[in-house]
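Report on the structure given below.
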Amino acid sequence: MSRAKARAALLQELEAAMRRTSAQGVLYGQTVADIAGVSGSDLDCMDFLNLEGRMTAGRLAELTGLTTGAITGVVDRLEKAGFVRRERDETDRRKVFIATVPEAGARIGRLYGPMQAAMHKLWSTYSDAELQLLLRFAGEGYKAALEASVVLKGLLEAETAGSVAPKKSVAPKKKGRPRR
């Protein structure tokens, strides 16, 4: 097998492995979201809040690639479920931050225990150099996924702008005597 074919096969294998891992992570997260009574994407947004700390809705939109309008809906649902709260900035009352409610987060956090334990067990088998490579891969992978989300939004917007709603067809009137 040529070097190019071997590399292509390796890349295909990596893509399949990443897709399986991603799909299993989504299914795991959806199970947690179902238990929490929110959507999977809402729970993912809450994870960004847990990782980054309190932030504005605009910042959460930047991190997730979602629109600010979509983020407003996410925050409304998470607030209603008791997982986040809106906090006004002390110095600029017009500015609003989204913050997690720690007690509610802890209830959900325990459900991630099995996944964290499995990942920590796996990571313990890697050297520091391998962990640094994985960290670089994960960080750059996030940026690539965010860029792909922006491209996807552009494609969808272009399709929406290019399509014209079909006109209602009007059946031709039949000629002749009306039925009785």
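Chain labels follow the order of the structure tokens: the first chain is A, the next B, and so on; residue numbering restarts at 1 in every chain, and ligands are counted from 1 in their shown order.
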
Can you list every residue in range 6-180 of chain A that DSSP puts in alpha helix (DSSP H), as a PyMOL selection string?
-> chain A and resi 6-36+40-52+57-64+68-80+102-109+113-123+128-162

Find the residues around range 37-52 of chain A up to 8 Å (only C-alpha atoms counted), leave out those fewer than 6 positions away in its own chain, and share them as an mmCIF file with all heavy atoms, in the first residue's frame.
data_model
loop_
_atom_site.group_PDB
_atom_site.id
_atom_site.type_symbol
_atom_site.label_atom_id
_atom_site.label_comp_id
_atom_site.auth_asym_id
_atom_site.auth_seq_id
_atom_site.Cartn_x
_atom_site.Cartn_y
_atom_site.Cartn_z
ATOM 1 N N VAL A 26 -22.984 12.565 22.610
ATOM 2 C CA VAL A 26 -24.281 13.228 22.426
ATOM 3 C C VAL A 26 -25.380 12.409 23.097
ATOM 4 O O VAL A 26 -26.245 12.959 23.793
ATOM 5 C CB VAL A 26 -24.588 13.438 20.921
ATOM 6 C CG1 VAL A 26 -26.035 13.834 20.703
ATOM 7 C CG2 VAL A 26 -23.651 14.492 20.340
ATOM 8 N N GLY A 29 -25.083 12.775 26.851
ATOM 9 C CA GLY A 29 -25.572 14.097 27.243
ATOM 10 C C GLY A 29 -27.081 14.216 27.130
ATOM 11 O O GLY A 29 -27.723 14.858 27.966
ATOM 12 N N GLN A 30 -27.658 13.589 26.105
ATOM 13 C CA GLN A 30 -29.107 13.644 25.947
ATOM 14 C C GLN A 30 -29.810 12.917 27.085
ATOM 15 O O GLN A 30 -30.853 13.350 27.557
ATOM 16 C CB GLN A 30 -29.537 13.065 24.595
ATOM 17 C CG GLN A 30 -31.012 13.250 24.317
ATOM 18 C CD GLN A 30 -31.448 14.708 24.335
ATOM 19 O OE1 GLN A 30 -30.899 15.531 23.603
ATOM 20 N NE2 GLN A 30 -32.424 15.050 25.158
ATOM 21 N N LEU A 60 -21.869 33.934 25.289
ATOM 22 C CA LEU A 60 -22.312 32.545 25.161
ATOM 23 C C LEU A 60 -22.633 32.233 23.697
ATOM 24 O O LEU A 60 -22.307 31.147 23.211
ATOM 25 C CB LEU A 60 -23.528 32.296 26.056
ATOM 26 C CG LEU A 60 -24.014 30.853 26.174
ATOM 27 C CD1 LEU A 60 -22.904 29.904 26.621
ATOM 28 C CD2 LEU A 60 -25.197 30.773 27.143
ATOM 29 N N LEU A 63 -19.280 31.637 21.934
ATOM 30 C CA LEU A 63 -18.672 30.347 22.283
ATOM 31 C C LEU A 63 -19.381 29.162 21.642
ATOM 32 O O LEU A 63 -18.750 28.160 21.316
ATOM 33 C CB LEU A 63 -18.658 30.161 23.804
ATOM 34 C CG LEU A 63 -17.689 31.031 24.578
ATOM 35 C CD1 LEU A 63 -17.925 30.891 26.079
ATOM 36 C CD2 LEU A 63 -16.250 30.676 24.243
ATOM 37 N N THR A 64 -20.687 29.277 21.496
ATOM 38 C CA THR A 64 -21.469 28.150 20.995
ATOM 39 C C THR A 64 -21.712 28.198 19.491
ATOM 40 O O THR A 64 -22.042 27.170 18.896
ATOM 41 C CB THR A 64 -22.846 28.096 21.679
ATOM 42 O OG1 THR A 64 -23.553 29.307 21.389
ATOM 43 C CG2 THR A 64 -22.711 27.895 23.175
ATOM 44 N N VAL A 74 -32.514 29.729 25.068
ATOM 45 C CA VAL A 74 -31.798 28.771 25.918
ATOM 46 C C VAL A 74 -31.786 29.265 27.355
ATOM 47 O O VAL A 74 -32.110 28.520 28.289
ATOM 48 C CB VAL A 74 -30.342 28.576 25.414
ATOM 49 C CG1 VAL A 74 -29.484 27.851 26.444
ATOM 50 C CG2 VAL A 74 -30.319 27.821 24.091
ATOM 51 N N VAL A 75 -31.412 30.518 27.539
ATOM 52 C CA VAL A 75 -31.315 31.086 28.896
ATOM 53 C C VAL A 75 -32.688 31.112 29.557
ATOM 54 O O VAL A 75 -32.820 30.778 30.743
ATOM 55 C CB VAL A 75 -30.655 32.479 28.866
ATOM 56 C CG1 VAL A 75 -30.703 33.137 30.240
ATOM 57 C CG2 VAL A 75 -29.208 32.363 28.382
ATOM 58 N N ARG A 77 -35.158 29.050 29.078
ATOM 59 C CA ARG A 77 -35.515 27.679 29.481
ATOM 60 C C ARG A 77 -34.679 27.211 30.667
ATOM 61 O O ARG A 77 -35.205 26.601 31.607
ATOM 62 C CB ARG A 77 -35.352 26.723 28.297
ATOM 63 C CG ARG A 77 -36.392 26.945 27.205
ATOM 64 C CD ARG A 77 -36.310 25.896 26.121
ATOM 65 N NE ARG A 77 -35.052 25.869 25.401
ATOM 66 C CZ ARG A 77 -34.775 26.620 24.341
ATOM 67 N NH1 ARG A 77 -35.675 27.478 23.865
ATOM 68 N NH2 ARG A 77 -33.603 26.520 23.738
ATOM 69 N N LEU A 78 -33.380 27.509 30.656
ATOM 70 C CA LEU A 78 -32.519 27.096 31.768
ATOM 71 C C LEU A 78 -32.882 27.839 33.056
ATOM 72 O O LEU A 78 -32.833 27.274 34.145
ATOM 73 C CB LEU A 78 -31.038 27.316 31.422
ATOM 74 C CG LEU A 78 -30.442 26.358 30.400
ATOM 75 C CD1 LEU A 78 -29.019 26.791 30.027
ATOM 76 C CD2 LEU A 78 -30.435 24.924 30.935
ATOM 77 N N ALA A 81 -36.023 26.326 34.457
ATOM 78 C CA ALA A 81 -35.723 25.024 35.076
ATOM 79 C C ALA A 81 -34.897 25.167 36.353
ATOM 80 O O ALA A 81 -34.670 24.176 37.061
ATOM 81 C CB ALA A 81 -35.003 24.128 34.080
ATOM 82 N N PHE A 83 -31.639 26.274 36.558
ATOM 83 C CA PHE A 83 -30.217 25.971 36.397
ATOM 84 C C PHE A 83 -29.333 27.200 36.251
ATOM 85 O O PHE A 83 -28.141 27.136 36.521
ATOM 86 C CB PHE A 83 -30.008 25.049 35.194
ATOM 87 C CG PHE A 83 -30.592 23.684 35.397
ATOM 88 C CD1 PHE A 83 -31.639 23.239 34.615
ATOM 89 C CD2 PHE A 83 -30.108 22.848 36.390
ATOM 90 C CE1 PHE A 83 -32.194 21.983 34.807
ATOM 91 C CE2 PHE A 83 -30.652 21.593 36.596
ATOM 92 C CZ PHE A 83 -31.698 21.163 35.809
ATOM 93 N N VAL A 84 -29.912 28.305 35.796
ATOM 94 C CA VAL A 84 -29.145 29.548 35.664
ATOM 95 C C VAL A 84 -29.979 30.706 36.187
ATOM 96 O O VAL A 84 -31.185 30.581 36.384
ATOM 97 C CB VAL A 84 -28.724 29.838 34.195
ATOM 98 C CG1 VAL A 84 -27.890 28.715 33.623
ATOM 99 C CG2 VAL A 84 -29.914 30.144 33.313
ATOM 100 N N ILE A 98 -25.176 35.871 32.670
ATOM 101 C CA ILE A 98 -25.839 34.595 32.915
ATOM 102 C C ILE A 98 -24.906 33.808 33.823
ATOM 103 O O ILE A 98 -23.722 33.661 33.532
ATOM 104 C CB ILE A 98 -26.057 33.788 31.605
ATOM 105 C CG1 ILE A 98 -26.613 34.660 30.470
ATOM 106 C CG2 ILE A 98 -26.898 32.553 31.865
ATOM 107 C CD1 ILE A 98 -27.792 35.485 30.781
ATOM 108 N N ALA A 99 -25.433 33.310 34.935
ATOM 109 C CA ALA A 99 -24.621 32.543 35.894
ATOM 110 C C ALA A 99 -25.358 31.248 36.240
ATOM 111 O O ALA A 99 -26.587 31.218 36.281
ATOM 112 C CB ALA A 99 -24.394 33.363 37.166
ATOM 113 N N THR A 100 -24.585 30.211 36.483
ATOM 114 C CA THR A 100 -25.200 28.942 36.870
ATOM 115 C C THR A 100 -25.625 29.004 38.331
ATOM 116 O O THR A 100 -25.082 29.778 39.118
ATOM 117 C CB THR A 100 -24.227 27.761 36.689
ATOM 118 O OG1 THR A 100 -23.073 27.985 37.495
ATOM 119 C CG2 THR A 100 -23.834 27.580 35.239
#

CA of Asp34 in chain A to CA of Gly109 in chain A, straight-line distance in Å = 13.8 Å

Nearby residues (only C-alpha atoms) at most 7 Å from Leu146 in chain A, same-chain spacing under 4 positions excluded, as a ChimeraX atom specification = /A:65,142,150

In Å to one decimal, how far is CA of Ser149 in chain A from CA of Gln132 in chain A?
-> 25.7 Å

Which polymer residues have any atom within 10 Å of an atom of range 111-115 of chain A, counting only C-alpha atoms, with same-chain residues fewer than 5 positions away left out, as a list in words?
->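 These residues fall inside the cut-off: Gly25, Tyr28, Gly29, Thr31, Val32, Ala33, Ile35, Ala36, Ala106, His120 and Lys121 of chain A.
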
Written selection (N, CA, C and O atoms) as a compact mmCIF listing (two decimals), in the first residue's frame:
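selection-v8.txt was written with the following content:
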# COMPACT_ATOMS: atom_id res chain seq x y z
N GLY A 25 -21.10 10.53 23.00
CA GLY A 25 -21.14 11.67 23.92
C GLY A 25 -22.47 12.41 23.83
O GLY A 25 -23.03 12.83 24.85
N TYR A 28 -25.09 10.28 25.57
CA TYR A 28 -24.90 10.36 27.03
C TYR A 28 -25.47 11.69 27.52
O TYR A 28 -26.23 11.74 28.49
N GLY A 29 -25.08 12.77 26.85
CA GLY A 29 -25.57 14.10 27.24
C GLY A 29 -27.08 14.22 27.13
O GLY A 29 -27.72 14.86 27.97
N THR A 31 -29.22 11.81 27.53
CA THR A 31 -29.79 11.09 28.68
C THR A 31 -29.79 11.99 29.91
O THR A 31 -30.79 12.07 30.63
N VAL A 32 -28.68 12.68 30.14
CA VAL A 32 -28.60 13.60 31.28
C VAL A 32 -29.61 14.73 31.11
O VAL A 32 -30.32 15.10 32.05
N ALA A 33 -29.71 15.27 29.89
CA ALA A 33 -30.65 16.36 29.62
C ALA A 33 -32.09 15.91 29.87
O ALA A 33 -32.89 16.66 30.45
N ILE A 35 -33.10 13.63 31.95
CA ILE A 35 -33.29 13.54 33.40
C ILE A 35 -33.46 14.94 33.99
O ILE A 35 -34.28 15.17 34.88
N ALA A 36 -32.68 15.90 33.46
CA ALA A 36 -32.73 17.28 33.97
C ALA A 36 -33.97 18.02 33.48
O ALA A 36 -34.31 19.08 34.01
N ALA A 106 -24.84 20.97 40.57
CA ALA A 106 -24.31 19.80 41.29
C ALA A 106 -25.21 18.59 41.10
O ALA A 106 -24.71 17.46 40.99
N HIS A 120 -10.96 9.69 32.84
CA HIS A 120 -9.75 9.81 33.66
C HIS A 120 -8.95 8.50 33.64
O HIS A 120 -7.72 8.53 33.62
N LYS A 121 -9.66 7.39 33.65
CA LYS A 121 -8.99 6.09 33.56
C LYS A 121 -8.22 5.98 32.24
O LYS A 121 -7.07 5.55 32.21

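All residues within chain A that the backbone DSSP calculation assigns to strand (DSSP E or B) are A:Met55, A:Val84, A:Arg85, A:Arg86, A:Glu87, A:Arg88, A:Val96, A:Phe97, A:Ile98, A:Ala99, A:Thr100.
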